[in-house]
There are 2 protein chains.
Amino acid sequence: MFEATKVGRTVSKQDFKEQQEELRTQLLAVQRDLRVSNIPVIVLVSGVEAAGKGEVVNRLNEWLDTRGVQNFAFWDESDEERERPRYWRFWRSMPARGEISILFGGWYQTPIEHRFKDACSEAELDGELNRIVDFERMLTQDGALIVKFWFHMSESDQKSRLKELSRDDKSRWKMVPDKSKFSEHYAAFEQVAERVILHTDRGTSPWYLVEAGDRRYRDLTVGKTLLHAIRSRIAETTPDEPNGTIPGPDLPESPTAQITLLDQLDLSLTLPRDDYKSRLKKLQTEINELAWSAYNQKRSTVLVFEGMDAGGKGGAIRRITSAVDARLFRSIPVAAPTDEEKAHHYLWRFWRHLPRAGHITIYDRSWYGRVLVERVEGFAADAEWRRAYSEINRFEEQLVDSGVILVKFWIHISQEEQLKRFKDREDVPYKQYKITDEDWRNREKWPQYKEAVNEMVVRTSTKHAPWTLVEGNDKPYARVKVLRTICDSLNEALKNPPSPTAGYLPCGEKRPMGK
Amino acid sequence: MFEATKVGRTVSKQDFKEQQEELRTQLLAVQRDLRVSNIPVIVLVSGVEAAGKGEVVNRLNEWLDTRGVQNFAFWDESDEERERPRYWRFWRSMPARGEISILFGGWYQTPIEHRFKDACSEAELDGELNRIVDFERMLTQDGALIVKFWFHMSESDQKSRLKELSRDDKSRWKMVPDKSKFSEHYAAFEQVAERVILHTDRGTSPWYLVEAGDRRYRDLTVGKTLLHAIRSRIAETTPDEPNGTIPGPDLPESPTAQITLLDQLDLSLTLPRDDYKSRLKKLQTEINELAWSAYNQKRSTVLVFEGMDAGGKGGAIRRITSAVDARLFRSIPVAAPTDEEKAHHYLWRFWRHLPRAGHITIYDRSWYGRVLVERVEGFAADAEWRRAYSEINRFEEQLVDSGVILVKFWIHISQEEQLKRFKDREDVPYKQYKITDEDWRNREKWPQYKEAVNEMVVRTSTKHAPWTLVEGNDKPYARVKVLRTICDSLNEALKNPPSPTAGYLPCGEKRPMGK
């Protein structure tokens, strides 16, 4: 989930200067609109140690009109606070309608710290997170806008930032008392953070993960995100008001700030043809054997294939289906929904095809269409695709909890490679059926799709159900990576059969799958 | 919470026959409207053993056009079901848009059974209930209407119904293997049911508690509730459609079916004047001593007073405030909110006044205004007051969890007594300020208020924060009952100081109040 905060986005001094001016003007304008609206704005500032949360808040106070902004840090409780129910301090910090409260850590601070220090169990943390979800929903239902920032950076960046800070007397290493165990601490903290963010990332009060390695990028991103969030929220409430908010011009974005996870893929990777043939053969034998082992162990497998048009999903899937005993798998090509499917919840069509114990379902495109094509083409409303992330995470959690082996692929190609393949398809008679006007239209929306894919990976790549990003420009390389990944996942999962009760939801049916 | 299902509502054979005809006509009409709508309807049928869930479903199938209705019972899982994630069986039973699925027990059945048999812990139950809340929200956000019925009856009614059934070979005592322990089982089951209902009673998928002692009342109530729920839901989606659903005539209601909890209060109770004086004096001494003990133990107290206009709230409160050391309490009269209060969430104004450790806050009217005056007068939108029940329950849960002693009173008087008091106020010069035109206007809405009070008590009288209903026609009697109840609650609570950690929310600040 945090991969996208480690891609190295930066903004130059010059760019920052220019963009800051425009951003500031627009923030002040939107703040004026906000004041006459009915919307209280709650900004939560959280993240890893030394990410510069204080700097960000100072920056926001510099940019905004401070008359409508209040900052709240939650240090040790005062005796006034200690003598009342826990949330009293947060209720005290609530903004009035039209105003902004910026909360350091807010209600997330204590649960994260306690779990990190093992002062509470995972189940207790989940209980608290559920209360938080209820609390935030209550506020947003009342009209509040909640904008939650999580600042993150790579291990090495954090380490050097902490060193920098420790030279400066005003700061201290809060979370890491023993510096020699830094890596362990870093990983443990990430794990807690992922759990907290996944649980509380709801469409109505989403988390924004911000890469904090570069201060200028970090601050501009926060400013733009906040601006956009307030502006959209005001627009929602006054859709027809002619004198309402006039959206400002699009803010410029430095090229060095636009890097996504997909840009980090090394699309030049290739596999020599000879090498490919021998490896493929071995992998195909292996995958068939593993499929039978899974069948005997009654473990089901779900394979998800997503990717850009002409990315090579079909080819990769064929390398599986030609190898695995046909009695063991079903391949589900996902196109436009049928009438019957349209009459149900969008997840219903995928639930139908879940495999029986020991079987494999291959989804050629999947439930992720909700946050990809449906988002980009506007088939799903804004609120619909935004809440789909948590719906999907919950769905996949159920699969994994019940013992299903879940592997998800995004096969990526460059825009040039796609063009080459499209032309190729037009030229070769037996490939012509594969290319339509729609493909060309989709191609024009490449940047929107890229953005959607990036957000999808950020919000749905979890410890239990991670995405595998596949460098797809070279088909042999991609196919071998896909098969290798599936074999590894099956091997790993079959070595660790779920215990008769572990993984099954408490209070639910208690039975090992297929028994 | 279940008090309202034990008041003995009945419907005569003759009334049933007449009403059934009209109800059936309207149900068929609304089903036709439903079919062309976009709404899938999920009806959940749950409740205590022998309440006649099967009979109800048969009745619905008799009344409705079965072409749009499917029934699902969840017996032992089939092997097909067992080999897939738990919820697969429920996804299979989902209605298409425009159709109705009636589910026996549904996703509530297993968690309730498992908790009742102690096969899972309370925390595990809560975890499962949170998943259920998410699941139901996902469905309702997608447009589904979920109507959840809980059938309940008194212990003696259930006992005789079970006897009746056991004479009949087709049925059996499922939940109570040992008949001699019936009372214990009954209480334990109620406790689990209360927890489940409280947790999952959300504005968008509320529970309807139905008294099941009289079959005719039970069936008519289910039919009318379902009719009303579908009709309202259709009206929401097609507000401007001229050819949309035309609300049918109000269905008749037998007088014997209209009894509420309030009707069960014996308003003829009185206390002789001499008796009153001596008792009052003793209670006032006691309450002051208890207030000081609470102060020393750093336990806070919140007293809530609600009641019909002229019910005697002020008089009762004065008997407290004249007895307790003025340094220990604050009395908060709740009238129209201030500008500042209006700019915040409606609970904010009550959070502000929460007492410090060892102190008492008396709320003369309270947050319950949301589901009383704001509901009846239309100040709060339908969705707003409907979701307020769970917001309030959660709020009070926080108070009690943090060690606050919470006592809630509804002081009730008859309509005649109110008239007498109103006239009295008009006649006595120093009481004239207490009576306004508004009071007379409110009086005209007596039935609506009564309905709102009844629903309030049903949905917010919990084990931790029960309502005390006070028979208020005789002021001395009412005042003594109020003081007696407060003293008892304080006594009880002070004898059981919360342990340093128990009751405090896990993963939150772990500190005893005021320490």
# chains A, B, ... in the order shown; residues from 1 in each chain; ligands from 1
$ interface_residues --of "chain B" --to "chain A" --cutoff "7 Å" --atoms "only C-alpha atoms" --output "MDAnalysis selection string"
chainID B and resid 80 82:86 88 91 96:97 110:111 114 120 124:125 128 142 343:345 348 351 356:357 398:399 402 506:509 513:514
$ select_by_dssp --residues "range 47-202 of chain B" --states "alpha helix (DSSP H)" --output "PyMOL selection string"
chain B and resi 53-63+79-82+88-92+109-116+122-141+155-167+182-200
$ write_last_selection --atoms "C-alpha atoms" --output "PDB file, in the first residue's frame"
ATOM      1  CA  LYS B  53     -41.612 -16.810  11.824  1.00  0.00           C
ATOM      2  CA  GLY B  54     -42.760 -19.525   9.443  1.00  0.00           C
ATOM      3  CA  GLU B  55     -46.412 -18.502   9.807  1.00  0.00           C
ATOM      4  CA  VAL B  56     -45.526 -14.895   9.016  1.00  0.00           C
ATOM      5  CA  VAL B  57     -43.651 -15.839   5.883  1.00  0.00           C
ATOM      6  CA  ASN B  58     -46.535 -18.011   4.746  1.00  0.00           C
ATOM      7  CA  ARG B  59     -48.879 -15.110   5.325  1.00  0.00           C
ATOM      8  CA  LEU B  60     -46.719 -12.753   3.288  1.00  0.00           C
ATOM      9  CA  ASN B  61     -46.658 -15.253   0.488  1.00  0.00           C
ATOM     10  CA  GLU B  62     -50.442 -15.416   0.666  1.00  0.00           C
ATOM     11  CA  TRP B  63     -50.782 -11.639   0.492  1.00  0.00           C
ATOM     12  CA  ASP B  79     -21.542 -28.913   0.078  1.00  0.00           C
ATOM     13  CA  GLU B  80     -21.684 -26.316  -2.692  1.00  0.00           C
ATOM     14  CA  GLU B  81     -21.999 -23.620  -0.030  1.00  0.00           C
ATOM     15  CA  ARG B  82     -19.510 -25.107   2.395  1.00  0.00           C
ATOM     16  CA  TRP B  88     -21.842 -16.944  -0.885  1.00  0.00           C
ATOM     17  CA  ARG B  89     -25.189 -18.391   0.211  1.00  0.00           C
ATOM     18  CA  PHE B  90     -26.508 -14.925   0.963  1.00  0.00           C
ATOM     19  CA  TRP B  91     -25.318 -13.508  -2.338  1.00  0.00           C
ATOM     20  CA  ARG B  92     -27.213 -16.349  -3.995  1.00  0.00           C
ATOM     21  CA  GLN B 109     -28.810 -16.500  12.528  1.00  0.00           C
ATOM     22  CA  THR B 110     -25.344 -17.953  13.040  1.00  0.00           C
ATOM     23  CA  PRO B 111     -23.833 -15.107  15.105  1.00  0.00           C
ATOM     24  CA  ILE B 112     -26.817 -15.113  17.472  1.00  0.00           C
ATOM     25  CA  GLU B 113     -26.790 -18.880  17.868  1.00  0.00           C
ATOM     26  CA  HIS B 114     -23.046 -19.031  18.368  1.00  0.00           C
ATOM     27  CA  ARG B 115     -23.026 -16.278  20.958  1.00  0.00           C
ATOM     28  CA  PHE B 116     -26.000 -17.795  22.762  1.00  0.00           C
ATOM     29  CA  GLU B 122     -18.687 -10.930  22.906  1.00  0.00           C
ATOM     30  CA  ALA B 123     -15.811  -9.193  21.115  1.00  0.00           C
ATOM     31  CA  GLU B 124     -15.996 -11.712  18.283  1.00  0.00           C
ATOM     32  CA  LEU B 125     -19.723 -11.132  18.041  1.00  0.00           C
ATOM     33  CA  ASP B 126     -19.118  -7.385  17.808  1.00  0.00           C
ATOM     34  CA  GLY B 127     -16.587  -7.953  15.053  1.00  0.00           C
ATOM     35  CA  GLU B 128     -19.100  -9.967  13.064  1.00  0.00           C
ATOM     36  CA  LEU B 129     -21.812  -7.350  13.664  1.00  0.00           C
ATOM     37  CA  ASN B 130     -19.519  -4.683  12.273  1.00  0.00           C
ATOM     38  CA  ARG B 131     -19.051  -6.740   9.162  1.00  0.00           C
ATOM     39  CA  ILE B 132     -22.819  -7.057   8.915  1.00  0.00           C
ATOM     40  CA  VAL B 133     -23.271  -3.297   9.223  1.00  0.00           C
ATOM     41  CA  ASP B 134     -20.774  -2.796   6.390  1.00  0.00           C
ATOM     42  CA  PHE B 135     -22.496  -5.428   4.293  1.00  0.00           C
ATOM     43  CA  GLU B 136     -25.961  -3.945   4.765  1.00  0.00           C
ATOM     44  CA  ARG B 137     -24.667  -0.452   4.097  1.00  0.00           C
ATOM     45  CA  MET B 138     -23.128  -1.631   0.857  1.00  0.00           C
ATOM     46  CA  LEU B 139     -26.478  -3.062  -0.237  1.00  0.00           C
ATOM     47  CA  THR B 140     -28.518  -0.013   0.746  1.00  0.00           C
ATOM     48  CA  GLN B 141     -26.030   2.319  -0.925  1.00  0.00           C
ATOM     49  CA  GLU B 155     -41.493 -15.261  28.840  1.00  0.00           C
ATOM     50  CA  SER B 156     -44.874 -16.743  29.742  1.00  0.00           C
ATOM     51  CA  ASP B 157     -46.224 -16.314  26.224  1.00  0.00           C
ATOM     52  CA  GLN B 158     -43.199 -18.015  24.798  1.00  0.00           C
ATOM     53  CA  LYS B 159     -43.440 -20.836  27.275  1.00  0.00           C
ATOM     54  CA  SER B 160     -47.035 -21.610  26.460  1.00  0.00           C
ATOM     55  CA  ARG B 161     -46.372 -21.262  22.742  1.00  0.00           C
ATOM     56  CA  LEU B 162     -43.540 -23.773  23.031  1.00  0.00           C
ATOM     57  CA  LYS B 163     -45.776 -26.183  24.913  1.00  0.00           C
ATOM     58  CA  GLU B 164     -48.355 -25.857  22.212  1.00  0.00           C
ATOM     59  CA  LEU B 165     -45.711 -26.605  19.620  1.00  0.00           C
ATOM     60  CA  SER B 166     -44.223 -29.551  21.431  1.00  0.00           C
ATOM     61  CA  ARG B 167     -47.572 -31.266  21.380  1.00  0.00           C
ATOM     62  CA  PHE B 182     -36.260 -21.912  30.765  1.00  0.00           C
ATOM     63  CA  SER B 183     -36.101 -18.578  32.581  1.00  0.00           C
ATOM     64  CA  GLU B 184     -32.337 -18.422  32.453  1.00  0.00           C
ATOM     65  CA  HIS B 185     -32.356 -19.273  28.780  1.00  0.00           C
ATOM     66  CA  TYR B 186     -34.975 -16.692  28.065  1.00  0.00           C
ATOM     67  CA  ALA B 187     -32.956 -13.938  29.776  1.00  0.00           C
ATOM     68  CA  ALA B 188     -29.677 -14.982  28.192  1.00  0.00           C
ATOM     69  CA  PHE B 189     -31.202 -15.051  24.747  1.00  0.00           C
ATOM     70  CA  GLU B 190     -32.710 -11.615  25.252  1.00  0.00           C
ATOM     71  CA  GLN B 191     -29.320 -10.265  26.201  1.00  0.00           C
ATOM     72  CA  VAL B 192     -27.690 -11.549  23.024  1.00  0.00           C
ATOM     73  CA  ALA B 193     -30.598 -10.289  20.952  1.00  0.00           C
ATOM     74  CA  GLU B 194     -30.383  -6.821  22.504  1.00  0.00           C
ATOM     75  CA  ARG B 195     -26.700  -6.588  21.708  1.00  0.00           C
ATOM     76  CA  VAL B 196     -27.249  -7.687  18.125  1.00  0.00           C
ATOM     77  CA  ILE B 197     -30.174  -5.362  17.520  1.00  0.00           C
ATOM     78  CA  LEU B 198     -28.527  -2.332  19.115  1.00  0.00           C
ATOM     79  CA  HIS B 199     -25.393  -2.803  17.066  1.00  0.00           C
ATOM     80  CA  THR B 200     -27.154  -3.239  13.766  1.00  0.00           C
TER      81      THR B 200
END
$ closest_residue --among "A:Val324, A:Leu490, A:Leu303, A:Val373" --to "Thr468 in chain A" --atoms "only C-alpha atoms"
A:Leu303
$ atom_distance --atom1 "CA of Glu49 in chain A" --atom2 "CA of Thr225 in chain A"
21.5 Å
$ atom_distance --atom1 "CA of Ser205 in chain A" --atom2 "CA of Trp207 in chain B"
26.7 Å
$ residues_around --residues "Leu265 in chain B" --least-positions-apart "3" --cutoff "10 Å" --atoms "only C-alpha atoms" --output "count of residues only"
12
$ select_by_dssp --residues "range 33-122 of chain B" --states "strand (DSSP E)" --output "ChimeraX atom specification"
/B:41-47,69-73,100-104
$ write_last_selection --atoms "N, CA and C atoms" --output "mmCIF file, in the first residue's frame"
data_model
loop_
_atom_site.group_PDB
_atom_site.id
_atom_site.type_symbol
_atom_site.label_atom_id
_atom_site.label_comp_id
_atom_site.auth_asym_id
_atom_site.auth_seq_id
_atom_site.Cartn_x
_atom_site.Cartn_y
_atom_site.Cartn_z
ATOM 1 N N VAL B 41 -35.713 -5.621 -2.701
ATOM 2 C CA VAL B 41 -36.200 -5.587 -1.320
ATOM 3 C C VAL B 41 -35.778 -6.856 -0.582
ATOM 4 N N ILE B 42 -35.093 -6.674 0.543
ATOM 5 C CA ILE B 42 -34.658 -7.809 1.346
ATOM 6 C C ILE B 42 -35.407 -7.777 2.672
ATOM 7 N N VAL B 43 -36.194 -8.818 2.942
ATOM 8 C CA VAL B 43 -36.945 -8.893 4.190
ATOM 9 C C VAL B 43 -36.294 -9.951 5.068
ATOM 10 N N LEU B 44 -35.841 -9.544 6.258
ATOM 11 C CA LEU B 44 -35.225 -10.491 7.186
ATOM 12 C C LEU B 44 -36.207 -10.819 8.295
ATOM 13 N N VAL B 45 -36.396 -12.087 8.548
ATOM 14 C CA VAL B 45 -37.363 -12.535 9.541
ATOM 15 C C VAL B 45 -36.618 -13.253 10.661
ATOM 16 N N SER B 46 -36.528 -12.587 11.819
ATOM 17 C CA SER B 46 -35.799 -13.170 12.948
ATOM 18 C C SER B 46 -36.627 -13.030 14.214
ATOM 19 N N GLY B 47 -36.112 -13.609 15.308
ATOM 20 C CA GLY B 47 -36.800 -13.441 16.579
ATOM 21 C C GLY B 47 -36.659 -14.649 17.463
ATOM 22 N N VAL B 69 -41.592 -12.799 -5.500
ATOM 23 C CA VAL B 69 -41.116 -13.079 -4.146
ATOM 24 C C VAL B 69 -40.395 -14.416 -4.085
ATOM 25 N N GLN B 70 -39.236 -14.437 -3.433
ATOM 26 C CA GLN B 70 -38.512 -15.685 -3.205
ATOM 27 C C GLN B 70 -38.255 -15.839 -1.713
ATOM 28 N N ASN B 71 -38.422 -17.045 -1.198
ATOM 29 C CA ASN B 71 -38.139 -17.305 0.214
ATOM 30 C C ASN B 71 -36.865 -18.127 0.348
ATOM 31 N N PHE B 72 -36.076 -17.794 1.357
ATOM 32 C CA PHE B 72 -34.830 -18.536 1.576
ATOM 33 C C PHE B 72 -34.673 -18.895 3.052
ATOM 34 N N ALA B 73 -34.558 -20.171 3.341
ATOM 35 C CA ALA B 73 -34.220 -20.595 4.700
ATOM 36 C C ALA B 73 -32.780 -21.091 4.660
ATOM 37 N N ILE B 100 -38.505 -9.203 -4.408
ATOM 38 C CA ILE B 100 -38.429 -9.322 -2.956
ATOM 39 C C ILE B 100 -37.837 -10.666 -2.575
ATOM 40 N N SER B 101 -36.837 -10.655 -1.700
ATOM 41 C CA SER B 101 -36.365 -11.905 -1.099
ATOM 42 C C SER B 101 -36.708 -11.891 0.386
ATOM 43 N N ILE B 102 -37.312 -12.958 0.859
ATOM 44 C CA ILE B 102 -37.598 -13.078 2.287
ATOM 45 C C ILE B 102 -36.628 -14.105 2.872
ATOM 46 N N LEU B 103 -35.788 -13.665 3.792
ATOM 47 C CA LEU B 103 -34.758 -14.540 4.335
ATOM 48 C C LEU B 103 -35.066 -14.904 5.794
ATOM 49 N N PHE B 104 -35.143 -16.174 6.080
ATOM 50 C CA PHE B 104 -35.283 -16.636 7.466
ATOM 51 C C PHE B 104 -33.940 -16.448 8.173
#
$ atom_distance --atom1 "CA of Leu145 in chain A" --atom2 "CA of Arg233 in chain B"
27.2 Å
$ residues_around --residues "range 8-16 of chain A" --least-positions-apart "4" --cutoff "8 Å" --atoms "only C-alpha atoms" --output "list in words"
Gln20, Glu211, Gly213, Asp214, Arg216, Tyr217, Leu220, Ser254, Thr256, Ala257, Gln258 and Ile259 of chain A
$ write_last_selection --atoms "N, CA and C atoms" --output "PDB file, in the first residue's frame"
ATOM      1  N   GLN A  20       3.184  27.924  -6.033  1.00  0.00           N
ATOM      2  CA  GLN A  20       2.714  28.357  -4.729  1.00  0.00           C
ATOM      3  C   GLN A  20       1.818  29.588  -4.832  1.00  0.00           C
ATOM      4  N   GLU A 211       3.672  11.335  -0.406  1.00  0.00           N
ATOM      5  CA  GLU A 211       5.096  11.059  -0.323  1.00  0.00           C
ATOM      6  C   GLU A 211       5.785  12.265   0.303  1.00  0.00           C
ATOM      7  N   GLY A 213       9.149  12.603   1.094  1.00  0.00           N
ATOM      8  CA  GLY A 213      10.600  12.707   0.946  1.00  0.00           C
ATOM      9  C   GLY A 213      11.068  14.097   0.525  1.00  0.00           C
ATOM     10  N   ASP A 214      10.316  14.732  -0.358  1.00  0.00           N
ATOM     11  CA  ASP A 214      10.677  16.063  -0.839  1.00  0.00           C
ATOM     12  C   ASP A 214       9.700  17.073  -0.243  1.00  0.00           C
ATOM     13  N   ARG A 216       9.043  20.213  -0.832  1.00  0.00           N
ATOM     14  CA  ARG A 216       8.249  21.053  -1.730  1.00  0.00           C
ATOM     15  C   ARG A 216       7.115  20.255  -2.365  1.00  0.00           C
ATOM     16  N   TYR A 217       7.434  19.050  -2.790  1.00  0.00           N
ATOM     17  CA  TYR A 217       6.378  18.211  -3.362  1.00  0.00           C
ATOM     18  C   TYR A 217       5.284  17.949  -2.324  1.00  0.00           C
ATOM     19  N   LEU A 220       3.084  21.166  -1.612  1.00  0.00           N
ATOM     20  CA  LEU A 220       2.218  21.513  -2.743  1.00  0.00           C
ATOM     21  C   LEU A 220       1.091  20.489  -2.878  1.00  0.00           C
ATOM     22  N   SER A 254       4.456  19.915 -11.833  1.00  0.00           N
ATOM     23  CA  SER A 254       5.795  19.674 -12.369  1.00  0.00           C
ATOM     24  C   SER A 254       5.905  18.244 -12.862  1.00  0.00           C
ATOM     25  N   THR A 256       8.302  16.283 -12.624  1.00  0.00           N
ATOM     26  CA  THR A 256       8.955  15.441 -11.613  1.00  0.00           C
ATOM     27  C   THR A 256       8.013  15.081 -10.474  1.00  0.00           C
ATOM     28  N   ALA A 257       6.827  15.699 -10.451  1.00  0.00           N
ATOM     29  CA  ALA A 257       5.871  15.385  -9.399  1.00  0.00           C
ATOM     30  C   ALA A 257       4.817  14.414  -9.892  1.00  0.00           C
ATOM     31  N   GLN A 258       4.915  14.056 -11.187  1.00  0.00           N
ATOM     32  CA  GLN A 258       3.845  13.241 -11.770  1.00  0.00           C
ATOM     33  C   GLN A 258       4.170  11.759 -11.833  1.00  0.00           C
ATOM     34  N   ILE A 259       5.308  11.387 -11.321  1.00  0.00           N
ATOM     35  CA  ILE A 259       5.697   9.980 -11.399  1.00  0.00           C
ATOM     36  C   ILE A 259       4.665   9.113 -10.677  1.00  0.00           C
TER      37      ILE A 259
END
$ residues_around --residues "Asp325 in chain A" --least-positions-apart "5" --cutoff "9 Å" --atoms "only C-alpha atoms" --output "list in words"
Asn288, Ala291 and Trp292 of chain A
$ write_last_selection --atoms "N, CA and C atoms" --output "compact mmCIF listing (two decimals), in the first residue's frame"
# COMPACT_ATOMS: atom_id res chain seq x y z
N ASN A 288 0.51 -27.13 -13.35
CA ASN A 288 -0.48 -28.20 -13.41
C ASN A 288 -0.36 -29.11 -12.18
N ALA A 291 -1.79 -27.27 -9.29
CA ALA A 291 -3.25 -27.20 -9.35
C ALA A 291 -3.86 -28.48 -8.79
N TRP A 292 -3.23 -29.62 -9.10
CA TRP A 292 -3.73 -30.89 -8.55
C TRP A 292 -3.51 -30.99 -7.05
$ residues_around --residues "range 432-444 of chain B" --least-positions-apart "6" --cutoff "12 Å" --atoms "only C-alpha atoms" --output "number ranges by chain"
B: 308-312, 314, 372-374, 376-377, 414-419, 421-426, 450
